[in-house]
>>> print(open('final-v7.csv').read())   # CSV, C-alpha atoms
chain,number,residue,atom,x,y,z
A,1,MET,CA,126.8,51.7,152.8
A,2,ARG,CA,128.0,54.7,154.7
A,3,LYS,CA,127.8,57.8,152.6
A,4,LYS,CA,130.6,60.3,152.1
A,5,PRO,CA,130.2,63.4,154.3
A,6,ILE,CA,130.9,66.7,152.5
A,7,ARG,CA,131.9,69.4,154.9
A,8,VAL,CA,130.7,72.7,153.6
A,9,GLY,CA,132.1,76.2,154.3
A,10,MET,CA,130.0,79.0,152.9
A,11,ILE,CA,131.2,82.5,152.4
A,12,GLY,CA,128.3,84.9,152.7
A,13,TYR,CA,125.0,84.5,154.5
A,14,LYS,CA,122.3,86.8,153.1
A,15,PHE,CA,119.8,86.1,150.3
A,16,MET,CA,121.7,83.4,148.4
A,17,GLY,CA,123.2,82.2,151.7
A,18,LYS,CA,119.7,81.5,152.9
A,19,ALA,CA,118.8,79.7,149.6
A,20,HIS,CA,122.0,77.6,149.7
A,21,SER,CA,121.7,76.8,153.4
A,22,HIS,CA,118.1,75.6,153.0
A,23,ALA,CA,119.1,73.4,150.0
A,24,LEU,CA,122.0,71.8,151.8
A,25,ARG,CA,120.0,71.0,154.8
A,26,ASP,CA,117.0,69.6,152.9
A,27,LEU,CA,118.9,67.6,150.3
A,28,PRO,CA,119.2,64.4,152.4
A,29,PHE,CA,115.5,64.7,153.4
A,30,PHE,CA,114.3,64.4,149.8
A,31,PHE,CA,117.1,62.5,148.0
A,32,GLU,CA,119.7,59.8,148.7
A,33,PRO,CA,122.9,61.6,147.6
A,34,ALA,CA,126.2,59.7,147.4
A,35,GLY,CA,127.6,62.5,149.5
A,36,VAL,CA,125.8,64.1,152.4
A,37,PRO,CA,126.5,67.8,153.1
A,38,VAL,CA,127.5,68.9,156.6
A,39,LEU,CA,127.0,72.5,157.4
A,40,GLN,CA,130.4,73.1,159.0
A,41,ALA,CA,131.0,76.8,159.0
A,42,ILE,CA,130.1,80.1,157.4
A,43,ALA,CA,132.1,83.3,157.0
A,44,GLY,CA,131.2,87.0,156.9
A,45,ARG,CA,132.4,90.3,158.3
A,46,ASP,CA,129.6,91.4,160.7
A,47,GLU,CA,130.1,89.0,163.7
A,48,ALA,CA,126.8,89.7,165.4
A,49,ALA,CA,124.8,89.1,162.2
A,50,LEU,CA,127.0,86.2,161.2
A,51,LYS,CA,126.5,84.4,164.6
A,52,GLN,CA,122.7,85.0,164.4
A,53,SER,CA,122.6,83.6,160.8
A,54,ALA,CA,124.8,80.6,161.7
A,55,GLU,CA,122.4,79.6,164.5
A,56,LYS,CA,119.2,80.2,162.4
A,57,MET,CA,120.4,78.4,159.3
A,58,GLY,CA,122.0,75.5,161.1
A,59,TRP,CA,125.8,76.1,160.7
A,60,SER,CA,128.1,74.6,163.3
A,61,SER,CA,130.5,77.5,163.5
A,62,TYR,CA,131.6,80.7,161.8
A,63,GLU,CA,134.6,82.7,160.8
A,64,THR,CA,134.9,86.5,160.4
A,65,ASP,CA,137.7,86.0,157.8
A,66,TRP,CA,136.9,84.0,154.7
A,67,ARG,CA,140.6,83.1,154.3
A,68,ARG,CA,140.6,81.4,157.6
A,69,LEU,CA,137.6,79.4,156.5
A,70,ILE,CA,139.5,78.2,153.4
A,71,GLU,CA,142.5,77.3,155.5
A,72,ARG,CA,140.5,75.0,157.8
A,73,ASP,CA,141.2,71.2,157.5
A,74,ASP,CA,137.6,70.3,158.3
A,75,ILE,CA,136.2,71.9,155.1
A,76,ASP,CA,135.8,70.0,151.8
A,77,LEU,CA,133.6,72.4,149.8
A,78,ILE,CA,133.6,76.2,149.6
A,79,ASP,CA,130.3,77.7,148.6
A,80,ILE,CA,130.6,81.3,147.4
A,81,VAL,CA,127.5,83.5,147.8
A,82,THR,CA,129.1,86.9,147.9
A,83,PRO,CA,129.0,89.9,145.5
A,84,ASN,CA,130.6,89.4,142.1
A,85,HIS,CA,133.9,91.2,142.7
A,86,THR,CA,134.9,88.7,145.3
A,87,HIS,CA,134.3,85.5,143.3
A,88,ALA,CA,137.7,85.2,141.5
A,89,GLU,CA,139.9,85.7,144.6
A,90,MET,CA,137.8,83.4,146.7
A,91,ALA,CA,137.4,80.6,144.2
A,92,ILE,CA,141.1,80.6,143.2
A,93,ALA,CA,142.2,80.5,146.8
A,94,ALA,CA,139.8,77.7,147.5
A,95,ALA,CA,141.0,75.7,144.6
A,96,GLN,CA,144.6,76.2,145.5
A,97,ALA,CA,143.8,74.9,149.0
A,98,GLY,CA,142.3,71.7,147.4
A,99,LYS,CA,138.7,72.6,148.2
A,100,HIS,CA,135.8,71.9,145.8
A,101,VAL,CA,134.0,75.1,144.8
A,102,LEU,CA,130.5,76.2,144.2
A,103,CYS,CA,130.1,79.8,143.0
A,104,GLU,CA,127.1,82.0,142.5
A,105,LYS,CA,126.5,83.5,139.1
A,106,PRO,CA,127.8,85.3,137.1
A,107,LEU,CA,131.1,83.6,137.6
A,108,ALA,CA,133.1,86.8,137.4
A,109,ARG,CA,133.2,90.4,136.3
A,110,SER,CA,135.2,89.7,133.1
A,111,VAL,CA,136.4,87.1,130.8
A,112,ALA,CA,139.9,87.4,132.3
A,113,GLU,CA,138.7,86.6,135.8
A,114,ALA,CA,136.5,83.7,134.6
A,115,ARG,CA,139.5,82.2,132.7
A,116,GLN,CA,141.7,82.4,135.8
A,117,MET,CA,139.0,80.7,137.9
A,118,ARG,CA,138.4,78.0,135.3
A,119,ASP,CA,142.2,77.4,135.0
A,120,ALA,CA,142.6,77.3,138.8
A,121,VAL,CA,140.0,74.6,139.4
A,122,ASN,CA,141.3,72.5,136.5
A,123,LYS,CA,144.9,72.8,137.7
A,124,ALA,CA,143.9,71.8,141.3
A,125,GLY,CA,141.7,68.9,140.0
A,126,VAL,CA,138.8,69.9,142.3
A,127,ILE,CA,135.1,69.6,141.6
A,128,HIS,CA,133.5,72.9,140.6
A,129,MET,CA,130.0,74.2,139.8
A,130,ILE,CA,128.3,77.5,139.0
A,131,CYS,CA,124.9,78.1,140.5
A,132,HIS,CA,122.6,78.5,137.5
A,133,ASN,CA,119.7,77.0,139.5
A,134,TYR,CA,117.0,77.6,136.9
A,135,ARG,CA,118.4,74.7,134.9
A,136,PHE,CA,117.1,72.4,137.7
A,137,ALA,CA,113.4,73.2,137.6
A,138,PRO,CA,111.8,69.9,136.6
A,139,ALA,CA,110.0,71.6,133.7
A,140,VAL,CA,113.2,72.9,132.3
A,141,GLN,CA,114.9,69.5,132.6
A,142,PHE,CA,111.8,67.9,130.9
A,143,ALA,CA,112.1,70.5,128.1
A,144,LYS,CA,115.8,69.4,127.7
A,145,LYS,CA,114.7,65.8,127.5
A,146,LEU,CA,112.1,66.5,124.8
A,147,ILE,CA,114.6,68.4,122.7
A,148,GLU,CA,117.2,65.7,123.1
A,149,GLN,CA,114.6,63.1,122.0
A,150,GLY,CA,114.1,65.1,118.8
A,151,ARG,CA,110.4,65.8,119.6
A,152,LEU,CA,110.8,69.4,118.3
A,153,GLY,CA,113.1,68.5,115.4
A,154,LYS,CA,115.6,71.1,114.3
A,155,ILE,CA,115.5,74.1,116.5
A,156,TYR,CA,114.9,77.4,114.7
A,157,HIS,CA,114.2,80.0,117.4
A,158,ILE,CA,114.5,80.8,121.1
A,159,ARG,CA,113.0,83.9,122.7
A,160,ALA,CA,114.2,84.5,126.2
A,161,THR,CA,113.5,87.2,128.7
A,162,PHE,CA,114.2,88.0,132.3
A,163,LEU,CA,112.1,91.0,133.2
A,164,GLN,CA,112.0,92.8,136.6
A,165,ASP,CA,110.8,96.1,137.9
A,166,TRP,CA,112.4,96.7,141.3
A,167,LEU,CA,114.7,99.4,140.1
A,168,MET,CA,112.3,101.7,138.3
A,169,ASP,CA,112.0,104.3,141.2
A,170,PRO,CA,114.7,106.9,140.3
A,171,GLU,CA,115.3,107.3,144.0
A,172,PHE,CA,116.2,103.6,144.6
A,173,PRO,CA,119.7,103.7,146.0
A,174,LEU,CA,122.9,103.0,144.2
A,175,THR,CA,123.5,99.5,145.7
A,176,TRP,CA,126.4,97.2,144.8
A,177,ARG,CA,124.5,95.7,141.9
A,178,LEU,CA,124.7,99.2,140.2
A,179,ARG,CA,128.5,99.7,140.7
A,180,LYS,CA,130.6,98.3,137.9
A,181,GLU,CA,133.7,97.6,140.0
A,182,VAL,CA,131.6,95.3,142.2
A,183,SER,CA,129.0,93.7,139.8
A,184,GLY,CA,130.8,93.9,136.4
A,185,SER,CA,127.5,94.8,134.6
A,186,GLY,CA,123.9,95.5,135.4
A,187,SER,CA,120.8,93.7,134.2
A,188,LEU,CA,123.0,92.0,131.6
A,189,GLY,CA,125.1,90.0,134.2
A,190,ASP,CA,122.5,89.7,136.9
A,191,LEU,CA,119.5,88.6,134.7
A,192,GLY,CA,120.9,88.1,131.2
A,193,ALA,CA,123.4,85.5,132.6
A,194,HIS,CA,120.5,83.3,133.6
A,195,ILE,CA,118.7,83.3,130.2
A,196,ILE,CA,122.0,82.8,128.4
A,197,ASP,CA,122.7,79.7,130.4
A,198,LEU,CA,119.2,78.4,129.7
A,199,ALA,CA,119.7,79.0,126.0
A,200,ARG,CA,123.1,77.3,126.0
A,201,PHE,CA,121.6,74.4,128.0
A,202,LEU,CA,118.6,73.9,125.8
A,203,VAL,CA,119.6,75.1,122.3
A,204,GLY,CA,123.4,75.1,122.1
A,205,GLU,CA,126.4,77.4,121.9
A,206,ILE,CA,125.9,81.0,120.8
A,207,ASN,CA,128.1,82.0,117.8
A,208,GLU,CA,127.6,85.8,117.5
A,209,VAL,CA,125.5,88.6,118.9
A,210,VAL,CA,124.4,92.2,118.2
A,211,ALA,CA,123.2,94.2,121.1
A,212,MET,CA,121.9,97.4,122.7
A,213,LEU,CA,122.4,98.4,126.4
A,214,GLU,CA,120.7,101.3,128.1
A,215,THR,CA,120.9,103.1,131.5
A,216,PHE,CA,117.7,104.9,132.0
A,217,VAL,CA,118.5,106.5,135.3
A,218,LYS,CA,122.0,108.0,135.2
A,219,GLU,CA,122.4,109.0,138.9
A,220,ARG,CA,121.1,107.6,142.1
A,221,PRO,CA,121.4,108.3,145.9
A,222,LEU,CA,123.9,106.1,147.8
A,223,GLY,CA,122.4,103.3,149.9
A,224,GLU,CA,121.8,99.6,150.3
A,225,MET,CA,119.0,97.0,149.7
A,226,ASP,CA,117.6,94.1,151.6
A,227,GLN,CA,117.0,90.5,150.5
A,228,HIS,CA,113.6,91.4,149.2
A,229,LEU,CA,115.1,94.0,146.7
A,230,ARG,CA,113.8,96.9,148.8
A,231,GLY,CA,116.1,100.0,149.0
A,232,ARG,CA,117.4,101.5,152.2
A,233,PRO,CA,118.5,105.2,151.9
A,234,GLY,CA,122.0,106.3,152.8
A,235,ASN,CA,123.5,109.6,153.7
A,236,GLY,CA,121.9,111.7,151.0
A,237,GLN,CA,124.9,111.7,148.6
A,238,ARG,CA,124.4,110.8,145.0
A,239,ALA,CA,126.6,109.1,142.4
A,240,PRO,CA,126.5,108.1,138.8
A,241,VAL,CA,125.1,104.7,137.7
A,242,GLU,CA,127.8,102.8,136.0
A,243,VAL,CA,126.0,99.7,134.6
A,244,ASP,CA,123.1,99.0,132.3
A,245,ASP,CA,119.4,99.0,133.3
A,246,ALA,CA,118.4,97.0,130.3
A,247,ALA,CA,120.0,94.7,127.7
A,248,VAL,CA,118.5,93.6,124.4
A,249,PHE,CA,120.4,91.4,121.9
A,250,LEU,CA,120.0,89.1,119.0
A,251,ALA,CA,122.0,85.9,118.6
A,252,ARG,CA,123.0,83.3,116.1
A,253,PHE,CA,123.7,79.9,117.4
A,254,ASP,CA,126.3,77.4,116.1
A,255,ASN,CA,123.5,75.1,114.9
A,256,GLY,CA,121.8,77.9,112.9
A,257,ALA,CA,119.1,78.8,115.4
A,258,LEU,CA,118.2,82.4,116.0
A,259,GLY,CA,117.8,84.0,119.5
A,260,VAL,CA,116.1,87.1,120.8
A,261,PHE,CA,117.1,88.1,124.4
A,262,GLU,CA,115.9,90.8,126.8
A,263,ALA,CA,117.0,91.5,130.3
A,264,THR,CA,115.7,94.5,132.2
A,265,ARG,CA,114.9,95.9,135.6
A,266,PHE,CA,112.5,98.4,134.0
A,267,SER,CA,109.5,96.2,133.1
A,268,LYS,CA,106.6,97.3,135.2
A,269,GLY,CA,104.6,94.5,136.7
A,270,ASN,CA,107.2,91.9,136.2
A,271,ARG,CA,108.7,90.6,139.4
A,272,ALA,CA,110.8,87.7,138.0
A,273,GLY,CA,109.7,87.2,134.4
A,274,ASN,CA,112.3,84.6,133.4
A,275,ARG,CA,110.6,83.1,130.3
A,276,PHE,CA,111.5,81.3,127.1
A,277,GLU,CA,109.8,80.0,124.0
A,278,ILE,CA,111.6,77.5,121.7
A,279,ASN,CA,110.4,76.8,118.2
A,280,GLY,CA,111.4,73.7,116.2
A,281,GLU,CA,110.4,72.1,112.9
A,282,ARG,CA,107.9,69.8,114.7
A,283,GLY,CA,106.9,71.6,117.8
A,284,SER,CA,107.4,74.4,120.4
A,285,LEU,CA,108.0,74.8,124.1
A,286,ARG,CA,107.2,77.6,126.5
A,287,TRP,CA,108.2,78.1,130.2
A,288,ASP,CA,107.7,80.9,132.7
A,289,MET,CA,109.6,80.8,136.0
A,290,GLU,CA,106.7,82.6,137.8
A,291,ASN,CA,104.7,79.5,137.0
A,292,MET,CA,107.7,77.1,137.1
A,293,ASN,CA,106.0,73.8,137.5
A,294,ASN,CA,104.3,74.0,134.1
A,295,LEU,CA,105.7,73.5,130.7
A,296,GLN,CA,103.7,74.4,127.6
A,297,VAL,CA,104.2,71.9,124.7
A,298,TYR,CA,103.0,72.0,121.1
A,299,LEU,CA,103.6,69.0,118.9
A,300,ASP,CA,102.5,69.0,115.3
A,301,GLY,CA,102.0,65.3,115.4
A,302,ASP,CA,98.7,65.7,117.2
A,303,GLU,CA,95.7,65.2,115.0
A,304,ALA,CA,94.0,68.1,113.3
A,305,GLY,CA,91.4,69.8,115.5
A,306,LEU,CA,93.3,68.9,118.7
A,307,GLN,CA,96.5,70.7,117.9
A,308,GLY,CA,97.5,73.5,120.3
A,309,PHE,CA,99.7,74.2,123.3
A,310,ARG,CA,99.0,71.8,126.2
A,311,THR,CA,100.1,72.5,129.7
A,312,ILE,CA,102.2,69.8,131.4
A,313,ASN,CA,102.3,70.1,135.2
A,314,CYS,CA,105.8,68.6,135.7
A,315,THR,CA,105.2,67.0,139.0
A,316,GLU,CA,104.7,63.4,137.9
A,317,VAL,CA,107.2,60.7,138.8
A,318,GLU,CA,108.2,60.6,135.1
A,319,HIS,CA,109.5,64.2,135.3
A,320,PRO,CA,113.1,64.9,136.3
A,321,TYR,CA,113.6,65.2,140.1
A,322,ALA,CA,109.8,65.3,140.7
A,323,ALA,CA,109.6,61.8,142.2
A,324,ALA,CA,111.6,62.9,145.2
A,325,TYR,CA,109.0,65.4,146.3
A,326,TRP,CA,105.2,65.3,146.5
A,327,PRO,CA,102.3,63.5,144.8
A,328,ALA,CA,101.5,64.7,141.3
A,329,GLY,CA,100.0,68.2,141.2
A,330,HIS,CA,101.5,69.1,144.6
A,331,ILE,CA,103.8,71.8,143.2
A,332,ILE,CA,107.4,72.6,144.3
A,333,GLY,CA,109.0,76.1,144.5
A,334,TYR,CA,112.0,78.2,143.8
A,335,GLU,CA,114.0,76.7,146.7
A,336,HIS,CA,113.8,73.2,145.2
A,337,THR,CA,115.8,74.2,142.2
A,338,PHE,CA,118.7,74.7,144.5
A,339,ILE,CA,118.1,71.3,146.2
A,340,ASN,CA,118.2,69.6,142.8
A,341,LEU,CA,121.5,71.5,141.9
A,342,MET,CA,123.0,70.5,145.2
A,343,LEU,CA,122.1,66.8,144.5
A,344,GLU,CA,124.3,66.9,141.3
A,345,LEU,CA,127.1,68.7,143.1
A,346,CYS,CA,127.2,66.3,146.1
A,347,ASN,CA,127.0,63.3,143.8
A,348,GLY,CA,129.8,64.7,141.7
A,349,ILE,CA,132.0,65.3,144.7
A,350,ALA,CA,131.3,61.8,146.1
A,351,ASN,CA,131.9,60.1,142.7
A,352,GLY,CA,134.8,62.3,141.5
A,353,CYS,CA,132.8,63.5,138.4
A,354,ASN,CA,132.4,67.1,137.6
A,355,PRO,CA,128.7,68.1,137.1
A,356,ALA,CA,127.3,70.8,134.9
A,357,PRO,CA,127.0,73.7,134.8
A,358,ASN,CA,130.6,74.2,136.0
A,359,PHE,CA,133.3,76.9,135.6
A,360,GLU,CA,133.7,76.0,131.9
A,361,ASP,CA,130.0,76.9,131.5
A,362,GLY,CA,130.6,80.0,133.6
A,363,LEU,CA,133.4,81.1,131.2
A,364,ARG,CA,131.3,80.4,128.1
A,365,ASN,CA,128.5,82.5,129.7
A,366,GLN,CA,131.0,85.3,130.4
A,367,LEU,CA,132.2,85.3,126.8
A,368,VAL,CA,128.6,85.9,125.6
A,369,LEU,CA,128.2,88.8,128.2
A,370,ALA,CA,131.4,90.3,127.0
A,371,ALA,CA,130.4,90.0,123.3
A,372,VAL,CA,127.1,91.7,124.1
A,373,GLU,CA,129.0,94.6,125.7
A,374,ARG,CA,131.4,94.9,122.8
A,375,SER,CA,128.5,94.9,120.3
A,376,ASP,CA,126.9,97.7,122.2
A,377,GLN,CA,130.1,99.7,122.2
A,378,THR,CA,130.9,99.1,118.5
A,379,GLY,CA,127.4,98.9,116.9
A,380,ARG,CA,128.3,95.6,115.1
A,381,TRP,CA,127.8,91.9,115.2
A,382,VAL,CA,130.5,90.3,117.5
A,383,LYS,CA,131.7,86.7,117.4
A,384,VAL,CA,131.5,85.3,120.9
A,385,MET,CA,134.9,83.5,120.6
A,386,GLU,CA,136.5,86.9,119.7
A,387,MET,CA,136.3,87.7,123.4
A,388,LEU,CA,138.4,84.8,124.5
A,389,ASP,CA,141.6,86.8,124.4
A,390,ASN,CA,140.1,89.9,126.1
>>> encode(input="final-v7.csv", output="C-alpha cells")
Amino acid sequence: MRKKPIRVGMIGYKFMGKAHSHALRDLPFFFEPAGVPVLQAIAGRDEAALKQSAEKMGWSSYETDWRRLIERDDIDLIDIVTPNHTHAEMAIAAAQAGKHVLCEKPLARSVAEARQMRDAVNKAGVIHMICHNYRFAPAVQFAKKLIEQGRLGKIYHIRATFLQDWLMDPEFPLTWRLRKEVSGSGSLGDLGAHIIDLARFLVGEINEVVAMLETFVKERPLGEMDQHLRGRPGNGQRAPVEVDDAAVFLARFDNGALGVFEATRFSKGNRAGNRFEINGERGSLRWDMENMNNLQVYLDGDEAGLQGFRTINCTEVEHPYAAAYWPAGHIIGYEHTFINLMLELCNGIANGCNPAPNFEDGLRNQLVLAAVERSDQTGRWVKVMEMLDN
C-alpha cells in the first residue's frame, strides 16, 4: 500500500533544526510510518547560511520569509524550531492556512499565547504536537508502562531535576534565552518545562505549587551563543538579565502525590542532568537522561535478600520503540527520541488522530510555569488552574 507523503516545511535551521531534520530523514529507515515525511523546504533570514543548511540537511528548497513557506501549496506540516517569541504568530498562521503544526517547547511565552495557539489549531482541525522529546526515550516509555500496569501501586512522590552549568561564567553573553521578551522565562521555561511534562506524563496533573526563582548574575555583556551552548562576545555593551537562572518548586498533584522540582543552569558539573525518581507504595523508578537507555527499578515483591534497585537496559524488543533499532545492549542516543516522536506525529497526520503531547499539553505546561512565577512573586501556594484566565 502506498504511504501518505507528508511534505514538511521547517522554520529555523540551527540546533533544533538539525535534530528535527535528522529525525525526519531517518524515520522511514527505522520504522514503517503510515505517513512518510518529505523534506520540502526550510525558512530562515540569512540566505547564505540557509542555503548551506538546506543542502547539508537534505531539504529540497528554502524560503527567506517564513510567511511565504506557510503560503506554499506543497507544504502539509509546519515544523517550528525558532525562539519562543515567534511560536504563537507562526503556529497560528500555519493553522489558519490549514497546515499541521509541530512546535518546539515551551509552547509560548505566556498562558494567553498558549491558549491562542491551542484554540487556533482546534478551530482549524489540524494535527498538532509539541516537541517534548524526552517522553520518547524507551526507558521513559517503559516507566510509563510499569506505572500504568500498577507495578508501583499508588504514587506518593516524584523528584525531578534538570541541571546544567553552561551559564555560570558571569561573562557569558546575554543571549536570547536570557531576554524575557524573547524567551518568556529562563531556566524555568527552558529546562523546567521538560521535567513538568515528564511529571504530567508519568504521575498526573499538578494541582498547586509553591516556588522560588533566583537570578544569580544580574547583568551580562551582549552577545550570542552557538549550538554547543558556547558564548560569542558582542560589542562590549552590557544589559540586565531579565529571567531566572534557577527555579525550585514544590507541587501537589491531583492524585495526592507530592513533587519536588529543580531547574538550574548553575549546577557545576551537570551538562544535562534531566533526572527523576518516582516512589510508589510497591516500588520506585529512577531515570537519568545522561544515561538514557537505563531505567532503575525497585519492586518490593522481590524476595528478601534480593531486594534493591535493578538496572534495566531498555534496548530489548519488549521495550517501547527499541525493536526498530539495534540488538539488545546496542544503545541509542538523544537523536532517537526525536525519531520516536516523529513516528507518532506522522502516524497521527496519516490517520487523522492527534498524538500527545500536543498543544493542549503545551497549555497545561504553560499553566504550571505561570503558577510557579506567580508563587515566586506572591510567596504563597498557587493553584495551577487559577492561571487559566491570566
>>> closest_atom_pairs(input="final-v7.csv", of="segment 33-147 of chain A", to="segment 185-193 of chain A", cutoff="12 Å", atoms="all atoms listed in the file", output="tab-separated table")
residue	atom	partner	partner_atom	distance
A:Pro83	CA	A:Asp190	CA	10.8
A:Asn84	CA	A:Asp190	CA	9.6
A:His85	CA	A:Ser185	CA	10.9
A:Glu104	CA	A:Asp190	CA	10.6
A:Lys105	CA	A:Ala193	CA	7.5
A:Pro106	CA	A:Gly189	CA	6.1
A:Leu107	CA	A:Ala193	CA	9.4
A:Ala108	CA	A:Gly189	CA	9.2
A:Arg109	CA	A:Ser185	CA	7.4
A:Ser110	CA	A:Ser185	CA	9.4
A:Ile130	CA	A:Ala193	CA	11.4
A:Cys131	CA	A:Ala193	CA	10.9
A:His132	CA	A:Ala193	CA	8.6
A:Asn133	CA	A:Ala193	CA	11.6
A:Tyr134	CA	A:Ala193	CA	11.0
>>> residues_around(input="final-v7.csv", residues="Tyr325 of chain A", least_positions_apart="6", cutoff="12 Å", atoms="all atoms listed in the file", output="list in words")
Asp26, Leu27, Pro28, Phe29, Phe30, Phe31, Pro138, Cys314, Thr315, Glu316, Val317, His319, Ile331, Ile332, Gly333, His336, Thr337, Ile339 and Asn340 of chain A
>>> atom_distance(input="final-v7.csv", atom1="atom CA of Ala246 of chain A", atom2="atom CA of Glu335 of chain A")
26.5 Å
>>> atom_distance(input="final-v7.csv", atom1="atom CA of Lys14 of chain A", atom2="atom CA of Phe276 of chain A")
28.7 Å
>>> residues_around(input="final-v7.csv", residues="Glu214 of chain A", least_positions_apart="5", cutoff="7 Å", atoms="all atoms listed in the file", output="list in words")
Asp244, Asp245, Ala246 and Ala247 of chain A
